file upload29.cif (mmCIF, C-alpha atoms)
data_input
loop_
_atom_site.label_atom_id
_atom_site.label_comp_id
_atom_site.auth_asym_id
_atom_site.auth_seq_id
_atom_site.Cartn_x
_atom_site.Cartn_y
_atom_site.Cartn_z
CA MET A 1 0.00 0.00 0.00
CA LYS A 2 1.29 3.43 -0.96
CA ASN A 3 0.41 5.08 2.34
CA VAL A 4 2.14 2.50 4.57
CA THR A 5 5.78 2.70 5.72
CA ILE A 6 7.29 -0.23 7.62
CA PHE A 7 10.56 0.49 9.41
CA ASP A 8 13.23 -2.16 9.10
CA HIS A 9 16.01 -0.35 10.95
CA PRO A 10 17.99 -2.83 13.08
CA LEU A 11 17.72 -0.65 16.20
CA ILE A 12 13.94 -0.51 15.94
CA GLN A 13 13.70 -4.25 15.32
CA HIS A 14 16.04 -5.00 18.24
CA LYS A 15 14.10 -2.82 20.66
CA THR A 16 10.75 -4.20 19.50
CA THR A 17 11.96 -7.74 20.21
CA ILE A 18 12.78 -6.72 23.78
CA ILE A 19 9.31 -5.27 24.48
CA ARG A 20 7.65 -8.35 23.00
CA GLN A 21 9.16 -10.54 25.73
CA LYS A 22 6.75 -11.12 28.60
CA ALA A 23 9.64 -11.02 31.10
CA THR A 24 10.49 -7.39 30.22
CA PRO A 25 9.62 -5.29 33.33
CA ASN A 26 7.24 -2.32 33.12
CA LYS A 27 9.94 0.32 33.60
CA GLU A 28 12.08 -1.05 30.77
CA PHE A 29 8.99 -1.51 28.60
CA ARG A 30 8.02 2.17 29.03
CA GLU A 31 11.53 3.39 28.31
CA ILE A 32 11.91 1.31 25.16
CA ILE A 33 8.48 2.37 23.86
CA GLN A 34 9.75 5.96 24.07
CA GLU A 35 13.03 5.08 22.34
CA ILE A 36 11.26 3.31 19.47
CA THR A 37 8.87 6.24 19.08
CA MET A 38 11.77 8.68 18.90
CA LEU A 39 13.45 6.64 16.16
CA MET A 40 10.19 6.36 14.22
CA CYS A 41 9.41 10.06 14.66
CA TYR A 42 12.78 10.93 13.14
CA GLU A 43 11.84 9.11 9.94
CA ALA A 44 8.11 9.92 9.86
CA LEU A 45 8.85 13.66 9.87
CA ARG A 46 11.44 13.42 7.10
CA ASP A 47 9.15 15.35 4.74
CA LEU A 48 8.85 18.47 6.92
CA PRO A 49 9.57 21.52 4.75
CA VAL A 50 12.63 23.64 5.50
CA GLU A 51 13.69 27.14 4.54
CA ALA A 52 17.08 28.85 4.49
CA VAL A 53 17.48 31.60 7.09
CA GLU A 54 20.42 33.84 7.78
CA ILE A 55 22.28 33.21 11.04
CA GLU A 56 25.64 34.18 12.45
CA THR A 57 28.09 31.58 13.68
CA PRO A 58 31.18 32.52 15.72
CA ILE A 59 32.98 32.58 12.37
CA LYS A 60 30.67 34.32 9.87
CA LYS A 61 27.12 34.95 8.66
CA THR A 62 25.58 32.09 6.71
CA LYS A 63 22.29 30.73 5.46
CA GLN A 64 21.16 27.45 6.98
CA ASN A 65 17.92 25.46 7.11
CA LEU A 66 15.18 25.64 9.73
CA ILE A 67 11.82 23.89 9.66
CA LYS A 68 9.46 26.09 7.68
CA GLY A 69 6.61 27.25 9.92
CA LYS A 70 5.07 23.81 10.34
CA LYS A 71 2.99 23.47 13.46
CA LEU A 72 2.81 19.97 14.94
CA ALA A 73 0.27 18.24 17.16
CA VAL A 74 0.75 14.86 18.80
CA VAL A 75 -2.51 13.07 19.62
CA PRO A 76 -2.22 9.85 21.65
CA ILE A 77 -5.13 7.44 21.75
CA LEU A 78 -5.63 6.85 25.46
CA ARG A 79 -4.37 5.19 27.30
CA ALA A 80 -1.56 3.25 25.66
CA GLY A 81 -0.75 6.09 23.28
CA LEU A 82 0.46 8.14 26.24
CA GLY A 83 3.52 5.91 26.34
CA MET A 84 4.65 7.32 22.98
CA VAL A 85 4.19 11.04 23.69
CA ASP A 86 7.51 11.70 25.44
CA GLY A 87 9.39 10.03 22.59
CA MET A 88 7.77 12.48 20.16
CA LEU A 89 8.29 15.51 22.38
CA SER A 90 11.96 14.70 22.89
CA LEU A 91 12.48 15.54 19.21
CA VAL A 92 9.74 18.17 18.78
CA PRO A 93 9.35 19.82 22.20
CA SER A 94 7.23 22.67 20.82
CA ALA A 95 4.47 20.34 19.62
CA LYS A 96 1.01 20.68 21.14
CA VAL A 97 -0.54 17.55 22.63
CA GLY A 98 -4.18 16.57 22.24
CA HIS A 99 -5.88 13.51 23.71
CA ILE A 100 -8.53 11.10 22.47
CA GLY A 101 -9.91 8.52 24.90
CA MET A 102 -11.11 5.19 23.51
CA TYR A 103 -11.95 1.89 25.12
CA ARG A 104 -12.74 -1.39 23.40
CA ASP A 105 -15.85 -3.41 24.20
CA GLU A 106 -14.43 -6.82 25.09
CA GLU A 107 -17.43 -8.63 23.58
CA THR A 108 -18.01 -6.74 20.33
CA LEU A 109 -14.40 -5.49 19.97
CA GLN A 110 -15.87 -2.14 18.90
CA PRO A 111 -14.23 1.11 20.12
CA HIS A 112 -16.11 3.65 22.23
CA GLU A 113 -14.96 7.24 22.66
CA TYR A 114 -15.10 8.82 26.11
CA TYR A 115 -12.83 11.89 25.79
CA CYS A 116 -11.54 14.30 23.14
CA LYS A 117 -9.43 17.43 23.71
CA LEU A 118 -7.47 18.93 20.81
CA PRO A 119 -5.45 22.12 20.29
CA PRO A 120 -7.78 24.93 19.15
CA ASP A 121 -5.88 25.48 15.90
CA ILE A 122 -5.85 21.77 14.99
CA GLU A 123 -6.80 22.53 11.38
CA GLU A 124 -3.49 24.35 10.88
CA ARG A 125 -1.29 21.59 12.26
CA LEU A 126 0.41 18.46 11.04
CA ILE A 127 -1.17 15.86 13.33
CA VAL A 128 0.59 12.68 14.41
CA VAL A 129 -1.79 10.19 16.03
CA VAL A 130 0.07 7.66 18.17
CA ASP A 131 -0.93 4.26 19.56
CA PRO A 132 1.50 1.36 20.12
CA MET A 133 -0.86 -1.18 18.54
CA LEU A 134 -2.99 -1.21 15.39
CA ALA A 135 -5.15 -4.31 15.79
CA THR A 136 -8.63 -4.20 14.24
CA GLY A 137 -8.12 -0.56 13.32
CA GLY A 138 -11.38 0.51 14.96
CA SER A 139 -9.90 2.90 17.52
CA ALA A 140 -7.56 4.52 15.00
CA ILE A 141 -10.35 4.96 12.44
CA ASP A 142 -12.71 6.55 14.98
CA ALA A 143 -9.98 8.76 16.47
CA ILE A 144 -8.97 10.09 13.06
CA SER A 145 -12.62 10.62 12.10
CA GLN A 146 -13.05 12.67 15.27
CA ILE A 147 -9.96 14.75 14.49
CA LYS A 148 -11.26 15.42 10.99
CA SER A 149 -14.61 16.53 12.43
CA TYR A 150 -12.67 19.24 14.30
CA GLY A 151 -11.00 20.38 11.06
CA GLY A 152 -7.81 18.31 11.10
CA LYS A 153 -6.52 17.68 7.58
CA HIS A 154 -2.86 16.67 7.59
CA ILE A 155 -2.66 13.44 9.61
CA LYS A 156 -0.09 10.70 10.10
CA PHE A 157 -0.61 7.56 12.20
CA LEU A 158 2.30 6.06 14.14
CA CYS A 159 2.20 2.60 15.74
CA ILE A 160 4.82 0.06 16.76
CA ILE A 161 3.05 -3.22 15.97
CA ALA A 162 0.25 -3.63 13.43
CA ALA A 163 -1.95 -6.45 12.21
CA PRO A 164 -2.62 -6.73 8.46
CA GLU A 165 -6.35 -6.41 9.22
CA GLY A 166 -5.82 -3.10 10.98
CA ILE A 167 -3.66 -1.66 8.21
CA GLU A 168 -6.23 -2.65 5.58
CA ALA A 169 -9.16 -1.22 7.57
CA LEU A 170 -7.42 2.07 8.36
CA SER A 171 -6.16 2.49 4.79
CA LYS A 172 -9.66 1.91 3.44
CA ALA A 173 -11.35 4.27 5.90
CA HIS A 174 -8.74 7.04 5.65
CA PRO A 175 -6.70 6.62 2.45
CA ASP A 176 -5.27 10.13 2.91
CA VAL A 177 -3.56 9.21 6.21
CA GLU A 178 0.03 7.99 6.11
CA ILE A 179 0.63 4.93 8.32
CA TYR A 180 4.01 4.23 9.94
CA CYS A 181 4.74 1.03 11.86
CA ALA A 182 7.76 -0.91 13.06
CA ASN A 183 6.35 -4.41 12.55
CA VAL A 184 3.46 -6.07 10.74
CA ASP A 185 2.53 -9.28 12.58
CA GLU A 186 0.69 -12.44 11.52
CA GLY A 187 -2.84 -11.29 12.32
CA LEU A 188 -5.49 -11.27 15.06
CA ASN A 189 -6.67 -14.05 17.37
CA GLU A 190 -10.29 -14.71 18.32
CA ASN A 191 -10.09 -12.01 21.00
CA GLY A 192 -8.84 -9.35 18.60
CA TYR A 193 -5.28 -9.34 19.95
CA ILE A 194 -2.30 -9.14 17.61
CA VAL A 195 -0.36 -12.40 17.19
CA PRO A 196 2.43 -12.76 18.25
CA GLY A 197 2.15 -9.14 19.43
CA LEU A 198 3.21 -8.11 22.90
CA GLY A 199 0.00 -8.38 24.93
CA ASP A 200 -1.92 -5.37 26.19
CA ALA A 201 0.36 -2.36 25.67
CA GLY A 202 -1.55 -0.18 28.15
CA ASP A 203 -1.29 -2.73 30.93
CA ARG A 204 2.41 -3.22 30.29
CA ILE A 205 3.16 0.51 30.15
CA PHE A 206 1.27 1.34 33.34
CA GLY A 207 1.71 -1.93 35.25
CA THR A 208 -2.00 -2.53 35.67
CA LYS A 209 -1.96 -6.25 35.02
#
call {"tool": "encode", "arguments": {"input": "upload29.cif", "output": "structure tokens"}}
result
Amino acid sequence: MKNVTIFDHPLIQHKTTIIRQKATPNKEFREIIQEITMLMCYEALRDLPVEAVEIETPIKKTKQNLIKGKKLAVVPILRAGLGMVDGMLSLVPSAKVGHIGMYRDEETLQPHEYYCKLPPDIEERLIVVVDPMLATGGSAIDAISQIKSYGGKHIKFLCIIAAPEGIEALSKAHPDVEIYCANVDEGLNENGYIVPGLGDAGDRIFGTK
């Protein structure tokens, strides 16, 4: 698919293998989620426009590149997406942060929204929606639909592990959204979890299970 980028960098693959292991403790899991996000952010924002501006070094005046007036918003899908925010902000500290709260009905596997708070100028920003997992795609689809209803236009979706079903569903629902992921796994089990996956990312980030 044209709108899907899968990262094959050895550092990303190495770190993803560590967080997949069930023996990895919560603290290390959180830290590595941030590290992977930072590496992915670096590549996902490769197309930011730049402009030459005049500066003065200790040696002489020169023209060098700065990012050209691009405002950025990071929007985590609660709650697991919170684990990726610091990794984004470490590279783009001036970004605004919105929040979209979703929970999944364990019987129907359908997402339900319970919270949405976005920067007031969301329509002017490049928006990066983050969630460690893209399983059925339901939460990502609904979150992006909500952002668009507030005027958001330029949207990227960043996840660490995706199922083919989720990629297909999100691409079909929002073909204008670029999808970035570190790994595409085998698929979903009968409970809608990614196989082999890494379990429930939210529980592992926050130590709630």
call {"tool": "residues_near_point", "arguments": {"input": "upload29.cif", "point": "(-14.3, 3.8, 21.7)", "cutoff": "10 Å", "atoms": "all atoms listed in the file", "output": "NGL selection string"}}
result
:A and (77-78 or 100-105 or 109-115 or 138-140 or 142-143)
call {"tool": "write_last_selection", "arguments": {"input": "upload29.cif", "atoms": "C-alpha atoms", "output": "PDB file, in the frame of the given file"}}
result
ATOM      1  CA  ILE A  77      -5.130   7.440  21.750  1.00  0.00           C
ATOM      2  CA  LEU A  78      -5.630   6.850  25.460  1.00  0.00           C
ATOM      3  CA  ILE A 100      -8.530  11.100  22.470  1.00  0.00           C
ATOM      4  CA  GLY A 101      -9.910   8.520  24.900  1.00  0.00           C
ATOM      5  CA  MET A 102     -11.110   5.190  23.510  1.00  0.00           C
ATOM      6  CA  TYR A 103     -11.950   1.890  25.120  1.00  0.00           C
ATOM      7  CA  ARG A 104     -12.740  -1.390  23.400  1.00  0.00           C
ATOM      8  CA  ASP A 105     -15.850  -3.410  24.200  1.00  0.00           C
ATOM      9  CA  LEU A 109     -14.400  -5.490  19.970  1.00  0.00           C
ATOM     10  CA  GLN A 110     -15.870  -2.140  18.900  1.00  0.00           C
ATOM     11  CA  PRO A 111     -14.230   1.110  20.120  1.00  0.00           C
ATOM     12  CA  HIS A 112     -16.110   3.650  22.230  1.00  0.00           C
ATOM     13  CA  GLU A 113     -14.960   7.240  22.660  1.00  0.00           C
ATOM     14  CA  TYR A 114     -15.100   8.820  26.110  1.00  0.00           C
ATOM     15  CA  TYR A 115     -12.830  11.890  25.790  1.00  0.00           C
ATOM     16  CA  GLY A 138     -11.380   0.510  14.960  1.00  0.00           C
ATOM     17  CA  SER A 139      -9.900   2.900  17.520  1.00  0.00           C
ATOM     18  CA  ALA A 140      -7.560   4.520  15.000  1.00  0.00           C
ATOM     19  CA  ASP A 142     -12.710   6.550  14.980  1.00  0.00           C
ATOM     20  CA  ALA A 143      -9.980   8.760  16.470  1.00  0.00           C
TER      21      ALA A 143
END
call {"tool": "closest_atom_pairs", "arguments": {"input": "upload29.cif", "of": "region 157-197 of chain A", "to": "region 131-135 of chain A", "cutoff": "9 Å", "atoms": "all atoms listed in the file", "output": "JSON lines"}}
result
{"residue": "A:Phe157", "atom": "CA", "partner": "A:Asp131", "partner_atom": "CA", "distance": 8.1}
{"residue": "A:Leu158", "atom": "CA", "partner": "A:Asp131", "partner_atom": "CA", "distance": 6.6}
{"residue": "A:Cys159", "atom": "CA", "partner": "A:Pro132", "partner_atom": "CA", "distance": 4.6}
{"residue": "A:Ile160", "atom": "CA", "partner": "A:Pro132", "partner_atom": "CA", "distance": 4.9}
{"residue": "A:Ile161", "atom": "CA", "partner": "A:Met133", "partner_atom": "CA", "distance": 5.1}
{"residue": "A:Ala162", "atom": "CA", "partner": "A:Leu134", "partner_atom": "CA", "distance": 4.5}
{"residue": "A:Ala163", "atom": "CA", "partner": "A:Ala135", "partner_atom": "CA", "distance": 5.3}
{"residue": "A:Pro164", "atom": "CA", "partner": "A:Ala135", "partner_atom": "CA", "distance": 8.1}
{"residue": "A:Glu165", "atom": "CA", "partner": "A:Ala135", "partner_atom": "CA", "distance": 7.0}
{"residue": "A:Gly166", "atom": "CA", "partner": "A:Ala135", "partner_atom": "CA", "distance": 5.0}
{"residue": "A:Ile167", "atom": "CA", "partner": "A:Leu134", "partner_atom": "CA", "distance": 7.2}
{"residue": "A:Leu170", "atom": "CA", "partner": "A:Leu134", "partner_atom": "CA", "distance": 8.9}
{"residue": "A:Cys181", "atom": "CA", "partner": "A:Leu134", "partner_atom": "CA", "distance": 8.8}
{"residue": "A:Gly187", "atom": "CA", "partner": "A:Ala135", "partner_atom": "CA", "distance": 8.1}
{"residue": "A:Leu188", "atom": "CA", "partner": "A:Ala135", "partner_atom": "CA", "distance": 7.0}
{"residue": "A:Gly192", "atom": "CA", "partner": "A:Ala135", "partner_atom": "CA", "distance": 6.8}
{"residue": "A:Tyr193", "atom": "CA", "partner": "A:Ala135", "partner_atom": "CA", "distance": 6.5}
{"residue": "A:Ile194", "atom": "CA", "partner": "A:Ala135", "partner_atom": "CA", "distance": 5.9}
{"residue": "A:Gly197", "atom": "CA", "partner": "A:Met133", "partner_atom": "CA", "distance": 8.6}
call {"tool": "closest_residue", "arguments": {"input": "upload29.cif", "among": "A:Thr208, A:Leu118, A:Gly202, A:Ile141", "to": "Val177 (chain A)", "atoms": "all atoms listed in the file"}}
result
A:Ile141
call {"tool": "resolve_selection", "arguments": {"input": "upload29.cif", "expression": "the PyMOL selection byres ((chain A and resi 9) around 12)", "output": "list in words"}}
result
Thr5, Ile6, Phe7, Asp8, Pro10, Leu11, Ile12, Gln13, His14, Lys15, Thr16, Ile36, Leu39, Met40, Tyr42, Glu43, Cys181, Ala182 and Asn183 of chain A
call {"tool": "closest_residue", "arguments": {"input": "upload29.cif", "among": "A:Lys63, A:Arg30, A:Lys153, A:Lys96", "to": "Gly81 (chain A)", "atoms": "all atoms listed in the file"}}
result
A:Arg30
call {"tool": "closest_residue", "arguments": {"input": "upload29.cif", "among": "A:Pro196, A:Val74, A:Phe206, A:Pro93", "to": "Ile147 (chain A)", "atoms": "all atoms listed in the file"}}
result
A:Val74
call {"tool": "closest_residue", "arguments": {"input": "upload29.cif", "among": "A:Lys71, A:Ala95, A:Lys148, A:Gly87", "to": "Arg125 (chain A)", "atoms": "all atoms listed in the file"}}
result
A:Lys71
call {"tool": "resolve_selection", "arguments": {"input": "upload29.cif", "expression": "the PyMOL selection byres ((chain A and resi 178) around 10)", "output": "ChimeraX atom specification"}}
result
/A:2-5,44,128,154-158,170-171,174-177,179-180
call {"tool": "atom_distance", "arguments": {"input": "upload29.cif", "atom1": "CA of Leu89 (chain A)", "atom2": "CA of Leu72 (chain A)"}}
result
10.3 Å
call {"tool": "atom_distance", "arguments": {"input": "upload29.cif", "atom1": "CA of Asp203 (chain A)", "atom2": "CA of Ala80 (chain A)"}}
result
8.0 Å
call {"tool": "atom_distance", "arguments": {"input": "upload29.cif", "atom1": "CA of Ser94 (chain A)", "atom2": "CA of Glu56 (chain A)"}}
result
23.3 Å
call {"tool": "closest_residue", "arguments": {"input": "upload29.cif", "among": "A:Glu107, A:Asp86, A:Asp47, A:Glu54", "to": "Val130 (chain A)", "atoms": "all atoms listed in the file"}}
result
A:Asp86
call {"tool": "closest_residue", "arguments": {"input": "upload29.cif", "among": "A:Leu126, A:Ala23, A:Ile18, A:Ala201", "to": "Ala73 (chain A)", "atoms": "all atoms listed in the file"}}
result
A:Leu126
call {"tool": "resolve_selection", "arguments": {"input": "upload29.cif", "expression": "the PyMOL selection byres ((chain A and resi 204) around 12)", "output": "PyMOL selection string"}}
result
chain A and resi 19-33+79-80+83+132+198-203+205-209
call {"tool": "write_last_selection", "arguments": {"input": "upload29.cif", "atoms": "C-alpha atoms", "output": "mmCIF file, in the frame of the given file"}}
result
data_model
loop_
_atom_site.group_PDB
_atom_site.id
_atom_site.type_symbol
_atom_site.label_atom_id
_atom_site.label_comp_id
_atom_site.auth_asym_id
_atom_site.auth_seq_id
_atom_site.Cartn_x
_atom_site.Cartn_y
_atom_site.Cartn_z
ATOM 1 C CA ILE A 19 9.310 -5.270 24.480
ATOM 2 C CA ARG A 20 7.650 -8.350 23.000
ATOM 3 C CA GLN A 21 9.160 -10.540 25.730
ATOM 4 C CA LYS A 22 6.750 -11.120 28.600
ATOM 5 C CA ALA A 23 9.640 -11.020 31.100
ATOM 6 C CA THR A 24 10.490 -7.390 30.220
ATOM 7 C CA PRO A 25 9.620 -5.290 33.330
ATOM 8 C CA ASN A 26 7.240 -2.320 33.120
ATOM 9 C CA LYS A 27 9.940 0.320 33.600
ATOM 10 C CA GLU A 28 12.080 -1.050 30.770
ATOM 11 C CA PHE A 29 8.990 -1.510 28.600
ATOM 12 C CA ARG A 30 8.020 2.170 29.030
ATOM 13 C CA GLU A 31 11.530 3.390 28.310
ATOM 14 C CA ILE A 32 11.910 1.310 25.160
ATOM 15 C CA ILE A 33 8.480 2.370 23.860
ATOM 16 C CA ARG A 79 -4.370 5.190 27.300
ATOM 17 C CA ALA A 80 -1.560 3.250 25.660
ATOM 18 C CA GLY A 83 3.520 5.910 26.340
ATOM 19 C CA PRO A 132 1.500 1.360 20.120
ATOM 20 C CA LEU A 198 3.210 -8.110 22.900
ATOM 21 C CA GLY A 199 0.000 -8.380 24.930
ATOM 22 C CA ASP A 200 -1.920 -5.370 26.190
ATOM 23 C CA ALA A 201 0.360 -2.360 25.670
ATOM 24 C CA GLY A 202 -1.550 -0.180 28.150
ATOM 25 C CA ASP A 203 -1.290 -2.730 30.930
ATOM 26 C CA ILE A 205 3.160 0.510 30.150
ATOM 27 C CA PHE A 206 1.270 1.340 33.340
ATOM 28 C CA GLY A 207 1.710 -1.930 35.250
ATOM 29 C CA THR A 208 -2.000 -2.530 35.670
ATOM 30 C CA LYS A 209 -1.960 -6.250 35.020
#
call {"tool": "decode", "arguments": {"input": "upload29.cif", "residues": "region 102-197 of chain A", "atoms": "C-alpha atoms", "output": "short mmCIF file (atom, residue, chain, number, x, y, z; two decimals), in the first residue's frame"}}
result
data_model
loop_
_atom_site.label_atom_id
_atom_site.label_comp_id
_atom_site.auth_asym_id
_atom_site.auth_seq_id
_atom_site.Cartn_x
_atom_site.Cartn_y
_atom_site.Cartn_z
CA MET A 102 -11.11 5.19 23.51
CA TYR A 103 -11.95 1.89 25.12
CA ARG A 104 -12.74 -1.39 23.40
CA ASP A 105 -15.85 -3.41 24.20
CA GLU A 106 -14.43 -6.82 25.09
CA GLU A 107 -17.43 -8.63 23.58
CA THR A 108 -18.01 -6.74 20.33
CA LEU A 109 -14.40 -5.49 19.97
CA GLN A 110 -15.87 -2.14 18.90
CA PRO A 111 -14.23 1.11 20.12
CA HIS A 112 -16.11 3.65 22.23
CA GLU A 113 -14.96 7.24 22.66
CA TYR A 114 -15.10 8.82 26.11
CA TYR A 115 -12.83 11.89 25.79
CA CYS A 116 -11.54 14.30 23.14
CA LYS A 117 -9.43 17.43 23.71
CA LEU A 118 -7.47 18.93 20.81
CA PRO A 119 -5.45 22.12 20.29
CA PRO A 120 -7.78 24.93 19.15
CA ASP A 121 -5.88 25.48 15.90
CA ILE A 122 -5.85 21.77 14.99
CA GLU A 123 -6.80 22.53 11.38
CA GLU A 124 -3.49 24.35 10.88
CA ARG A 125 -1.29 21.59 12.26
CA LEU A 126 0.41 18.46 11.04
CA ILE A 127 -1.17 15.86 13.33
CA VAL A 128 0.59 12.68 14.41
CA VAL A 129 -1.79 10.19 16.03
CA VAL A 130 0.07 7.66 18.17
CA ASP A 131 -0.93 4.26 19.56
CA PRO A 132 1.50 1.36 20.12
CA MET A 133 -0.86 -1.18 18.54
CA LEU A 134 -2.99 -1.21 15.39
CA ALA A 135 -5.15 -4.31 15.79
CA THR A 136 -8.63 -4.20 14.24
CA GLY A 137 -8.12 -0.56 13.32
CA GLY A 138 -11.38 0.51 14.96
CA SER A 139 -9.90 2.90 17.52
CA ALA A 140 -7.56 4.52 15.00
CA ILE A 141 -10.35 4.96 12.44
CA ASP A 142 -12.71 6.55 14.98
CA ALA A 143 -9.98 8.76 16.47
CA ILE A 144 -8.97 10.09 13.06
CA SER A 145 -12.62 10.62 12.10
CA GLN A 146 -13.05 12.67 15.27
CA ILE A 147 -9.96 14.75 14.49
CA LYS A 148 -11.26 15.42 10.99
CA SER A 149 -14.61 16.53 12.43
CA TYR A 150 -12.67 19.24 14.30
CA GLY A 151 -11.00 20.38 11.06
CA GLY A 152 -7.81 18.31 11.10
CA LYS A 153 -6.52 17.68 7.58
CA HIS A 154 -2.86 16.67 7.59
CA ILE A 155 -2.66 13.44 9.61
CA LYS A 156 -0.09 10.70 10.10
CA PHE A 157 -0.61 7.56 12.20
CA LEU A 158 2.30 6.06 14.14
CA CYS A 159 2.20 2.60 15.74
CA ILE A 160 4.82 0.06 16.76
CA ILE A 161 3.05 -3.22 15.97
CA ALA A 162 0.25 -3.63 13.43
CA ALA A 163 -1.95 -6.45 12.21
CA PRO A 164 -2.62 -6.73 8.46
CA GLU A 165 -6.35 -6.41 9.22
CA GLY A 166 -5.82 -3.10 10.98
CA ILE A 167 -3.66 -1.66 8.21
CA GLU A 168 -6.23 -2.65 5.58
CA ALA A 169 -9.16 -1.22 7.57
CA LEU A 170 -7.42 2.07 8.36
CA SER A 171 -6.16 2.49 4.79
CA LYS A 172 -9.66 1.91 3.44
CA ALA A 173 -11.35 4.27 5.90
CA HIS A 174 -8.74 7.04 5.65
CA PRO A 175 -6.70 6.62 2.45
CA ASP A 176 -5.27 10.13 2.91
CA VAL A 177 -3.56 9.21 6.21
CA GLU A 178 0.03 7.99 6.11
CA ILE A 179 0.63 4.93 8.32
CA TYR A 180 4.01 4.23 9.94
CA CYS A 181 4.74 1.03 11.86
CA ALA A 182 7.76 -0.91 13.06
CA ASN A 183 6.35 -4.41 12.55
CA VAL A 184 3.46 -6.07 10.74
CA ASP A 185 2.53 -9.28 12.58
CA GLU A 186 0.69 -12.44 11.52
CA GLY A 187 -2.84 -11.29 12.32
CA LEU A 188 -5.49 -11.27 15.06
CA ASN A 189 -6.67 -14.05 17.37
CA GLU A 190 -10.29 -14.71 18.32
CA ASN A 191 -10.09 -12.01 21.00
CA GLY A 192 -8.84 -9.35 18.60
CA TYR A 193 -5.28 -9.34 19.95
CA ILE A 194 -2.30 -9.14 17.61
CA VAL A 195 -0.36 -12.40 17.19
CA PRO A 196 2.43 -12.76 18.25
CA GLY A 197 2.15 -9.14 19.43
#
